[in-house]
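First the structure, in the form of structure tokens, and then the observations on it.
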Amino acid sequence: MLLAAIGVAPATGSYAESKPAQAADPWIEAAAIVARIKPPTFPTREFSVADFGATADANADCTSAFRAAIAACNEAGGGRVVVPVGVFRTGPIHLASGVEFHLSEGAKIVFSDAFADYLPPVLVRVGGVELYNYSPLVYARDATDVAVTGKGKLDGNAGAWWDWKSRETRRGFELAAAGVPVEKRVFGVPEAAIRPSFVSLVNCRNVLFEDFTIGSGPNWTIHPVYCENVTIRRVQVTTDGPNNDGVDPDSCRDVLIEDCVFDTGDDCVVLKSGYNEDGWRVARPTENVVMRRCTSLRGHGGLVVGSEMSGDVRNVFMEDCEFQGTDRAIRIKSRADRGGIVERIYARNLRLRDMQREAIILNMDYGSDRSELKHVRPPVFRDMAFEGIESDGSPAAIVMQALPDSPIENVVVRNGRFSARTGVHANHVRNLRFENVGVVPERGPAYALADASDVTIVNPRVPAGVRPFVILSGANSRNVVIGGADVDHSAVAVELGDEVPRDAVVVK
């Protein structure tokens, strides 16, 4: 049934009464985060890897030379380790405190594809679980003031690792769920087939990644874990292969990602904080993250949270970014057994073109087969605002898929336009606000809401010929208010499901 079935207030009625109280500008906090993130500085002394025996020879193994140069720099009190012009082949590079590892323009490092070169196992986090595995190609642990800089290239040469994707063991997750101590979770054998990250720094402070190009790693590309005060700027991640995310801050604090380009085989920037029991045990959130002036091309998501987010993710800001042909611009994903809280996520001034999936998706049913859930510990998604988003071309505009016992709450979408094949789909949601937003679907309603309560649509740009404008279903749906000074009431057609109270929608 259409408009005749809902309440229609007089055009002169006040709209302010349904407007929720507005919090202080959250972007003040973003500015404070950026202000306190300080890249490390290093002494002016330099150590050329060539002076320690490294040669740009396709048959030469430079692992020992790189190791010696890094050790000498560290022992001298810090400085810059320089890789000169040329192609250098090496095994794992282990950084140390006080070391800026600098790739000269025209330098290229190609990593060994011999698995045994990445032994003995080191402490890492894989899929949100702590264990010992093959060393990442670039690794550091418990270091302070560490950097990878310069306009050279890092080539993971990881095709040999990619075949492991289909047979990777789940044993690490099983050990974590059983509470087995981390020191007994030791892998690093081909039979386990656990691929390392390309770059992983564990429990480091004052970290800088700047200017280089990186690609073709075994797994996640740049993976800081338990790190604080991290700057990632002007890095180009061009990579393919399974699970080749771009940047994965994992239980990190104070992270700035700016002026980067992502063209990836998986998500572009994705925030993690641990998997289920191991995430709850460690209980370290990823928090205070700013992403700005970045470009995402290929990739499953531009800014992503999860799905390993059991330790919480909060205080995340993205602004002035562009997405071209990316699957999604904003993707927050979890499932019913993951727990954790995702909150205070803000994005503004985004330009989206030719998206391959949803422009924005918040999903608590990611990859979920409910029959496989061993327990139910639903996540929480709340307190988000997305504004100034212009999206031209996507299969769906916005999708919010929550759970009956954990609705998505307190989301504002403001001053944007979404042109898509279908409009907004929101299930199990509460306290949503759409203000000055144009949703232009090729088919179906602009808004399809189910089990939705306290939803406000202010000054909607109602597309011509879109009828119904809103479809509302679910017995728990109530208090949906549509209005504004310039609303054409005749264009706002609403269809209610049989189970929806007749007064659930009011047009003012």
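Starting from 1 in every chain, residues are counted up; chains themselves are A, B, ... following the order of the structure tokens, and ligands are numbered from 1 as listed.
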Rows by chain and residue number, segment 147-248 of chain A within 9 Å of segment 288-302 of chain A, shortest pair, only C-alpha atoms, as JSON lines:
{"residue": "A:Arg234", "atom": "CA", "partner": "A:Cys294", "partner_atom": "CA", "distance": 8.7}
{"residue": "A:Asp245", "atom": "CA", "partner": "A:Gly299", "partner_atom": "CA", "distance": 8.0}
{"residue": "A:Gly246", "atom": "CA", "partner": "A:Gly299", "partner_atom": "CA", "distance": 8.7}
Which segment 96-166 of chain A residues have any atom within 8 Å of an atom of segment 209-216 of chain A, and for each, what is the nearest pair of atoms with distance in Å to one decimal, counting only C-alpha atoms, rows sorted by chain and number, as JSON lines?
{"residue": "A:Leu103", "atom": "CA", "partner": "A:Phe212", "partner_atom": "CA", "distance": 7.4}
{"residue": "A:Ala147", "atom": "CA", "partner": "A:Phe209", "partner_atom": "CA", "distance": 5.7}
{"residue": "A:Val148", "atom": "CA", "partner": "A:Phe209", "partner_atom": "CA", "distance": 5.0}
{"residue": "A:Thr149", "atom": "CA", "partner": "A:Glu210", "partner_atom": "CA", "distance": 4.6}
{"residue": "A:Gly150", "atom": "CA", "partner": "A:Asp211", "partner_atom": "CA", "distance": 5.3}
{"residue": "A:Lys151", "atom": "CA", "partner": "A:Phe212", "partner_atom": "CA", "distance": 4.5}
{"residue": "A:Gly152", "atom": "CA", "partner": "A:Phe212", "partner_atom": "CA", "distance": 5.3}
{"residue": "A:Lys153", "atom": "CA", "partner": "A:Thr213", "partner_atom": "CA", "distance": 4.7}
{"residue": "A:Leu154", "atom": "CA", "partner": "A:Ile214", "partner_atom": "CA", "distance": 4.7}
{"residue": "A:Asp155", "atom": "CA", "partner": "A:Gly215", "partner_atom": "CA", "distance": 5.5}
{"residue": "A:Gly156", "atom": "CA", "partner": "A:Ser216", "partner_atom": "CA", "distance": 4.8}
{"residue": "A:Asn157", "atom": "CA", "partner": "A:Ser216", "partner_atom": "CA", "distance": 5.8}
{"residue": "A:Ala158", "atom": "CA", "partner": "A:Ser216", "partner_atom": "CA", "distance": 5.7}
{"residue": "A:Gly159", "atom": "CA", "partner": "A:Ser216", "partner_atom": "CA", "distance": 7.6}
Interatomic distance, atom CA of Val235 of chain A to atom CA of Pro121 of chain A (Å, one decimal):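 Computing it gives 28.0 Å between the two atoms.
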For atom CA of Val500 of chain A and atom CA of Met400 of chain A, the interatomic separation in Å (one decimal):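 Interatomic distance here is 19.5 Å.
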Closest-contact table, segment 72-179 of chain A side, partner segment 56-63 of chain A, 7 Å, counting only C-alpha atoms, as JSON lines:
{"residue": "A:Gly86", "atom": "CA", "partner": "A:Ala56", "partner_atom": "CA", "distance": 5.2}
{"residue": "A:Val87", "atom": "CA", "partner": "A:Ala56", "partner_atom": "CA", "distance": 5.0}
{"residue": "A:Phe88", "atom": "CA", "partner": "A:Ala56", "partner_atom": "CA", "distance": 4.9}
{"residue": "A:Arg89", "atom": "CA", "partner": "A:Asp61", "partner_atom": "CA", "distance": 5.6}
{"residue": "A:Thr90", "atom": "CA", "partner": "A:Thr63", "partner_atom": "CA", "distance": 4.7}
{"residue": "A:Gly91", "atom": "CA", "partner": "A:Thr63", "partner_atom": "CA", "distance": 5.3}
{"residue": "A:Pro92", "atom": "CA", "partner": "A:Thr63", "partner_atom": "CA", "distance": 7.0}
May I have the selected residues written with C-alpha atoms, as a tab-separated table (two decimals), in the first residue's frame?
chain	number	residue	atom	x	y	z
A	86	GLY	CA	70.35	-1.52	-9.71
A	87	VAL	CA	68.48	-4.77	-9.18
A	88	PHE	CA	69.38	-6.62	-5.99
A	89	ARG	CA	68.25	-10.09	-4.99
A	90	THR	CA	67.81	-11.02	-1.36
A	91	GLY	CA	66.09	-13.11	1.25
A	92	PRO	CA	64.30	-11.51	4.22
Nearest-residue call for Val481 of chain A, choices A:Ala32, A:Val466, A:Ala504, A:Ile109, using only C-alpha atoms: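 Using only C-alpha atoms, the shortest distance to Val481 of chain A belongs to A:Ala504.
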Per-residue DSSP, segment 42-204 of chain A, filtered to strand (DSSP E or B), as a ChimeraX atom specification: /A:46-48,79-83,86-90,93-94,99-103,107-111,122-126,129-133,138-141,144-149,153-155,186,199-202
Who sits within 10 Å of Pro190 of chain A, only C-alpha atoms, same chain under 4 positions skipped, as a list in words: Phe115, Ala116, Tyr134, Trp161, Trp164, Glu168, Ile194 and Arg195 of chain A
Atom CA of Ala475 of chain A to atom CA of Pro404 of chain A, straight-line distance in Å: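 One can read the atom CA of Pro404 of chain A to atom CA of Ala475 of chain A distance as 11.6 Å.
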Extract, using only C-alpha atoms, all DNA, RNA and protein residues at most 7 Å from segment 220-230 of chain A, discarding same-chain residues fewer than 3 positions from it, and format them as a PDB file with N, CA, C and O atoms, in the first residue's frame.
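Written out: around.pdb:
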ATOM      1  N   ILE A  37      51.010  12.850  15.173  1.00  0.00           N
ATOM      2  CA  ILE A  37      51.788  11.827  14.460  1.00  0.00           C
ATOM      3  C   ILE A  37      53.033  12.484  13.885  1.00  0.00           C
ATOM      4  O   ILE A  37      52.943  13.362  13.020  1.00  0.00           O
ATOM      5  N   LYS A  38      54.179  12.061  14.339  1.00  0.00           N
ATOM      6  CA  LYS A  38      55.451  12.638  13.910  1.00  0.00           C
ATOM      7  C   LYS A  38      56.333  11.546  13.301  1.00  0.00           C
ATOM      8  O   LYS A  38      56.691  10.581  13.988  1.00  0.00           O
ATOM      9  N   SER A 197      53.182 -12.206   5.383  1.00  0.00           N
ATOM     10  CA  SER A 197      52.970 -10.874   4.828  1.00  0.00           C
ATOM     11  C   SER A 197      54.234 -10.424   4.098  1.00  0.00           C
ATOM     12  O   SER A 197      55.326 -10.969   4.303  1.00  0.00           O
ATOM     13  N   PHE A 198      54.079  -9.432   3.241  1.00  0.00           N
ATOM     14  CA  PHE A 198      55.242  -8.876   2.547  1.00  0.00           C
ATOM     15  C   PHE A 198      56.076  -8.060   3.535  1.00  0.00           C
ATOM     16  O   PHE A 198      57.237  -8.373   3.808  1.00  0.00           O
ATOM     17  N   VAL A 199      55.494  -7.003   4.089  1.00  0.00           N
ATOM     18  CA  VAL A 199      56.165  -6.167   5.091  1.00  0.00           C
ATOM     19  C   VAL A 199      55.354  -6.249   6.374  1.00  0.00           C
ATOM     20  O   VAL A 199      54.157  -5.962   6.369  1.00  0.00           O
ATOM     21  N   SER A 200      55.982  -6.651   7.474  1.00  0.00           N
ATOM     22  CA  SER A 200      55.281  -6.676   8.748  1.00  0.00           C
ATOM     23  C   SER A 200      56.210  -6.207   9.854  1.00  0.00           C
ATOM     24  O   SER A 200      57.274  -6.787  10.076  1.00  0.00           O
ATOM     25  N   LEU A 201      55.790  -5.151  10.521  1.00  0.00           N
ATOM     26  CA  LEU A 201      56.501  -4.645  11.683  1.00  0.00           C
ATOM     27  C   LEU A 201      55.634  -4.915  12.906  1.00  0.00           C
ATOM     28  O   LEU A 201      54.457  -4.539  12.928  1.00  0.00           O
ATOM     29  N   VAL A 202      56.200  -5.576  13.906  1.00  0.00           N
ATOM     30  CA  VAL A 202      55.450  -6.011  15.080  1.00  0.00           C
ATOM     31  C   VAL A 202      55.914  -5.231  16.305  1.00  0.00           C
ATOM     32  O   VAL A 202      57.105  -5.224  16.633  1.00  0.00           O
ATOM     33  N   ASN A 203      54.979  -4.556  16.956  1.00  0.00           N
ATOM     34  CA  ASN A 203      55.244  -3.835  18.198  1.00  0.00           C
ATOM     35  C   ASN A 203      56.360  -2.803  18.023  1.00  0.00           C
ATOM     36  O   ASN A 203      57.323  -2.754  18.796  1.00  0.00           O
ATOM     37  N   CYS A 204      56.212  -1.964  17.020  1.00  0.00           N
ATOM     38  CA  CYS A 204      57.204  -0.923  16.743  1.00  0.00           C
ATOM     39  C   CYS A 204      56.583   0.460  16.948  1.00  0.00           C
ATOM     40  O   CYS A 204      55.371   0.639  16.830  1.00  0.00           O
ATOM     41  N   ARG A 205      57.440   1.418  17.263  1.00  0.00           N
ATOM     42  CA  ARG A 205      57.005   2.802  17.461  1.00  0.00           C
ATOM     43  C   ARG A 205      57.766   3.713  16.511  1.00  0.00           C
ATOM     44  O   ARG A 205      58.934   3.485  16.230  1.00  0.00           O
ATOM     45  N   ASN A 206      57.064   4.748  16.054  1.00  0.00           N
ATOM     46  CA  ASN A 206      57.669   5.761  15.184  1.00  0.00           C
ATOM     47  C   ASN A 206      58.126   5.111  13.869  1.00  0.00           C
ATOM     48  O   ASN A 206      59.310   4.851  13.655  1.00  0.00           O
ATOM     49  N   VAL A 207      57.151   4.863  13.025  1.00  0.00           N
ATOM     50  CA  VAL A 207      57.356   4.109  11.787  1.00  0.00           C
ATOM     51  C   VAL A 207      57.033   5.001  10.601  1.00  0.00           C
ATOM     52  O   VAL A 207      56.041   5.743  10.615  1.00  0.00           O
ATOM     53  N   LEU A 208      57.856   4.912   9.560  1.00  0.00           N
ATOM     54  CA  LEU A 208      57.618   5.669   8.329  1.00  0.00           C
ATOM     55  C   LEU A 208      57.782   4.766   7.120  1.00  0.00           C
ATOM     56  O   LEU A 208      58.792   4.082   6.964  1.00  0.00           O
ATOM     57  N   GLY A 217      53.563  -9.535  -3.350  1.00  0.00           N
ATOM     58  CA  GLY A 217      53.942 -10.208  -2.121  1.00  0.00           C
ATOM     59  C   GLY A 217      53.190 -11.513  -1.946  1.00  0.00           C
ATOM     60  O   GLY A 217      52.238 -11.813  -2.675  1.00  0.00           O
ATOM     61  N   ASN A 243      44.781 -12.493  -1.624  1.00  0.00           N
ATOM     62  CA  ASN A 243      44.882 -11.772  -0.344  1.00  0.00           C
ATOM     63  C   ASN A 243      45.941 -10.675  -0.368  1.00  0.00           C
ATOM     64  O   ASN A 243      46.466 -10.301   0.682  1.00  0.00           O
ATOM     65  N   ASN A 244      46.222 -10.136  -1.536  1.00  0.00           N
ATOM     66  CA  ASN A 244      47.211  -9.064  -1.620  1.00  0.00           C
ATOM     67  C   ASN A 244      46.571  -7.718  -1.285  1.00  0.00           C
ATOM     68  O   ASN A 244      46.407  -6.835  -2.131  1.00  0.00           O
ATOM     69  N   ASP A 245      46.172  -7.569  -0.001  1.00  0.00           N
ATOM     70  CA  ASP A 245      45.717  -6.268   0.482  1.00  0.00           C
ATOM     71  C   ASP A 245      46.825  -5.239   0.307  1.00  0.00           C
ATOM     72  O   ASP A 245      48.006  -5.577   0.195  1.00  0.00           O
ATOM     73  N   GLY A 246      46.445  -3.956   0.391  1.00  0.00           N
ATOM     74  CA  GLY A 246      47.445  -2.902   0.302  1.00  0.00           C
ATOM     75  C   GLY A 246      48.110  -2.620   1.626  1.00  0.00           C
ATOM     76  O   GLY A 246      49.283  -2.924   1.838  1.00  0.00           O
ATOM     77  N   VAL A 247      47.356  -2.029   2.575  1.00  0.00           N
ATOM     78  CA  VAL A 247      47.873  -1.691   3.901  1.00  0.00           C
ATOM     79  C   VAL A 247      46.907  -2.239   4.942  1.00  0.00           C
ATOM     80  O   VAL A 247      45.697  -1.994   4.864  1.00  0.00           O
ATOM     81  N   ASP A 248      47.418  -2.970   5.923  1.00  0.00           N
ATOM     82  CA  ASP A 248      46.605  -3.604   6.962  1.00  0.00           C
ATOM     83  C   ASP A 248      47.073  -3.196   8.353  1.00  0.00           C
ATOM     84  O   ASP A 248      47.759  -3.958   9.040  1.00  0.00           O
ATOM     85  N   PRO A 249      46.735  -2.004   8.839  1.00  0.00           N
ATOM     86  CA  PRO A 249      47.052  -1.691  10.236  1.00  0.00           C
ATOM     87  C   PRO A 249      46.279  -2.635  11.170  1.00  0.00           C
ATOM     88  O   PRO A 249      45.060  -2.744  11.090  1.00  0.00           O
ATOM     89  N   ASP A 250      46.998  -3.315  12.039  1.00  0.00           N
ATOM     90  CA  ASP A 250      46.437  -4.419  12.823  1.00  0.00           C
ATOM     91  C   ASP A 250      46.695  -4.138  14.302  1.00  0.00           C
ATOM     92  O   ASP A 250      47.833  -4.222  14.766  1.00  0.00           O
ATOM     93  N   SER A 251      45.641  -3.758  15.039  1.00  0.00           N
ATOM     94  CA  SER A 251      45.794  -3.354  16.443  1.00  0.00           C
ATOM     95  C   SER A 251      46.859  -2.274  16.584  1.00  0.00           C
ATOM     96  O   SER A 251      47.766  -2.356  17.412  1.00  0.00           O
ATOM     97  N   CYS A 252      46.741  -1.237  15.756  1.00  0.00           N
ATOM     98  CA  CYS A 252      47.681  -0.116  15.756  1.00  0.00           C
ATOM     99  C   CYS A 252      46.992   1.152  16.235  1.00  0.00           C
ATOM    100  O   CYS A 252      45.772   1.273  16.178  1.00  0.00           O
ATOM    101  N   ARG A 253      47.811   2.110  16.667  1.00  0.00           N
ATOM    102  CA  ARG A 253      47.294   3.378  17.165  1.00  0.00           C
ATOM    103  C   ARG A 253      48.043   4.535  16.523  1.00  0.00           C
ATOM    104  O   ARG A 253      49.255   4.494  16.374  1.00  0.00           O
ATOM    105  N   ASP A 254      47.297   5.560  16.151  1.00  0.00           N
ATOM    106  CA  ASP A 254      47.844   6.771  15.540  1.00  0.00           C
ATOM    107  C   ASP A 254      48.541   6.433  14.221  1.00  0.00           C
ATOM    108  O   ASP A 254      49.767   6.288  14.148  1.00  0.00           O
ATOM    109  N   VAL A 255      47.720   6.338  13.182  1.00  0.00           N
ATOM    110  CA  VAL A 255      48.188   5.946  11.856  1.00  0.00           C
ATOM    111  C   VAL A 255      47.724   6.989  10.842  1.00  0.00           C
ATOM    112  O   VAL A 255      46.533   7.317  10.780  1.00  0.00           O
ATOM    113  N   LEU A 256      48.640   7.496  10.040  1.00  0.00           N
ATOM    114  CA  LEU A 256      48.328   8.436   8.968  1.00  0.00           C
ATOM    115  C   LEU A 256      48.702   7.811   7.630  1.00  0.00           C
ATOM    116  O   LEU A 256      49.860   7.421   7.423  1.00  0.00           O
TER     117      LEU A 256
END
Close residues, Ala396 of chain A itself excluded, 7 Å, only C-alpha atoms, min 6 positions apart in chain, as a PDB file with N, CA and C atoms, in the first residue's frame:
ATOM      1  N   ARG A 357      30.814  -3.001  -6.979  1.00  0.00           N
ATOM      2  CA  ARG A 357      29.811  -3.539  -6.053  1.00  0.00           C
ATOM      3  C   ARG A 357      29.079  -2.370  -5.395  1.00  0.00           C
ATOM      4  N   GLU A 358      28.855  -2.445  -4.089  1.00  0.00           N
ATOM      5  CA  GLU A 358      28.181  -1.373  -3.380  1.00  0.00           C
ATOM      6  C   GLU A 358      29.129  -0.183  -3.187  1.00  0.00           C
ATOM      7  N   ALA A 359      28.597   1.025  -3.250  1.00  0.00           N
ATOM      8  CA  ALA A 359      29.425   2.190  -2.922  1.00  0.00           C
ATOM      9  C   ALA A 359      29.864   2.132  -1.465  1.00  0.00           C
ATOM     10  N   ALA A 420      23.019   4.525  -8.959  1.00  0.00           N
ATOM     11  CA  ALA A 420      23.310   3.089  -8.893  1.00  0.00           C
ATOM     12  C   ALA A 420      22.159   2.304  -9.508  1.00  0.00           C
ATOM     13  N   ARG A 421      22.411   1.016  -9.730  1.00  0.00           N
ATOM     14  CA  ARG A 421      21.328   0.179 -10.258  1.00  0.00           C
ATOM     15  C   ARG A 421      20.220   0.006  -9.226  1.00  0.00           C
ATOM     16  N   THR A 422      20.585  -0.149  -7.950  1.00  0.00           N
ATOM     17  CA  THR A 422      19.594  -0.184  -6.873  1.00  0.00           C
ATOM     18  C   THR A 422      20.021   0.799  -5.793  1.00  0.00           C
ATOM     19  N   GLY A 423      19.085   1.132  -4.901  1.00  0.00           N
ATOM     20  CA  GLY A 423      19.321   2.198  -3.946  1.00  0.00           C
ATOM     21  C   GLY A 423      19.897   1.755  -2.626  1.00  0.00           C
TER      22      GLY A 423
END
Selection near Glu277 of chain A, 7 Å with only C-alpha atoms, sequence-local residues under 3 positions removed, as a PyMOL selection string: chain A and resi 176-177+280-281
Keeping only N, CA, C and O atoms, write the selected residues as a CSV table (one decimal), in the first residue's frame.
chain,number,residue,atom,x,y,z
A,176,ALA,N,44.4,-21.2,18.6
A,176,ALA,CA,44.0,-20.0,19.3
A,176,ALA,C,42.7,-20.2,20.1
A,176,ALA,O,42.6,-19.8,21.2
A,177,ALA,N,41.8,-20.8,19.4
A,177,ALA,CA,40.4,-21.0,20.0
A,177,ALA,C,40.5,-21.9,21.3
A,177,ALA,O,39.8,-21.7,22.2
A,280,TRP,N,40.1,-11.2,21.3
A,280,TRP,CA,39.6,-10.9,22.7
A,280,TRP,C,40.7,-11.0,23.7
A,280,TRP,O,40.8,-10.2,24.6
A,281,ARG,N,41.6,-12.0,23.6
A,281,ARG,CA,42.7,-12.2,24.5
A,281,ARG,C,43.7,-11.0,24.5
A,281,ARG,O,44.0,-10.4,25.5
From A:Pro136, A:Pro445, A:Pro84, A:Gly274, residue lying nearest Phe173 of chain A [only C-alpha atoms]: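 Going through A:Pro136, A:Pro445, A:Pro84, A:Gly274 one by one, the smallest distance to Phe173 of chain A is for A:Gly274.
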Alpha helix (DSSP H) positions in segment 194-332 of chain A, given as a list in words: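 Across segment 194-332 of chain A, those assigned alpha helix (DSSP H) are Asn276, Glu277, Asp278, Gly279, Trp280, Arg281 and Val282 of chain A.
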Shortest interatomic distance to Arg335 of chain A - which of A:Val429, A:Ala178, A:Val138, A:Ala402, counting only C-alpha atoms: A:Ala402
Contacts of Ser48 of chain A within 9 Å, only C-alpha atoms, excl. fewer than 5 positions in-chain, as a count of residues only: 7
Nearest to Leu403 of chain A, chosen from A:Asn436, A:Asp383, A:Gly388, A:Ala336, with only C-alpha atoms counted in the distances: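 Result for the nearest residue to Leu403 of chain A: A:Ala336.
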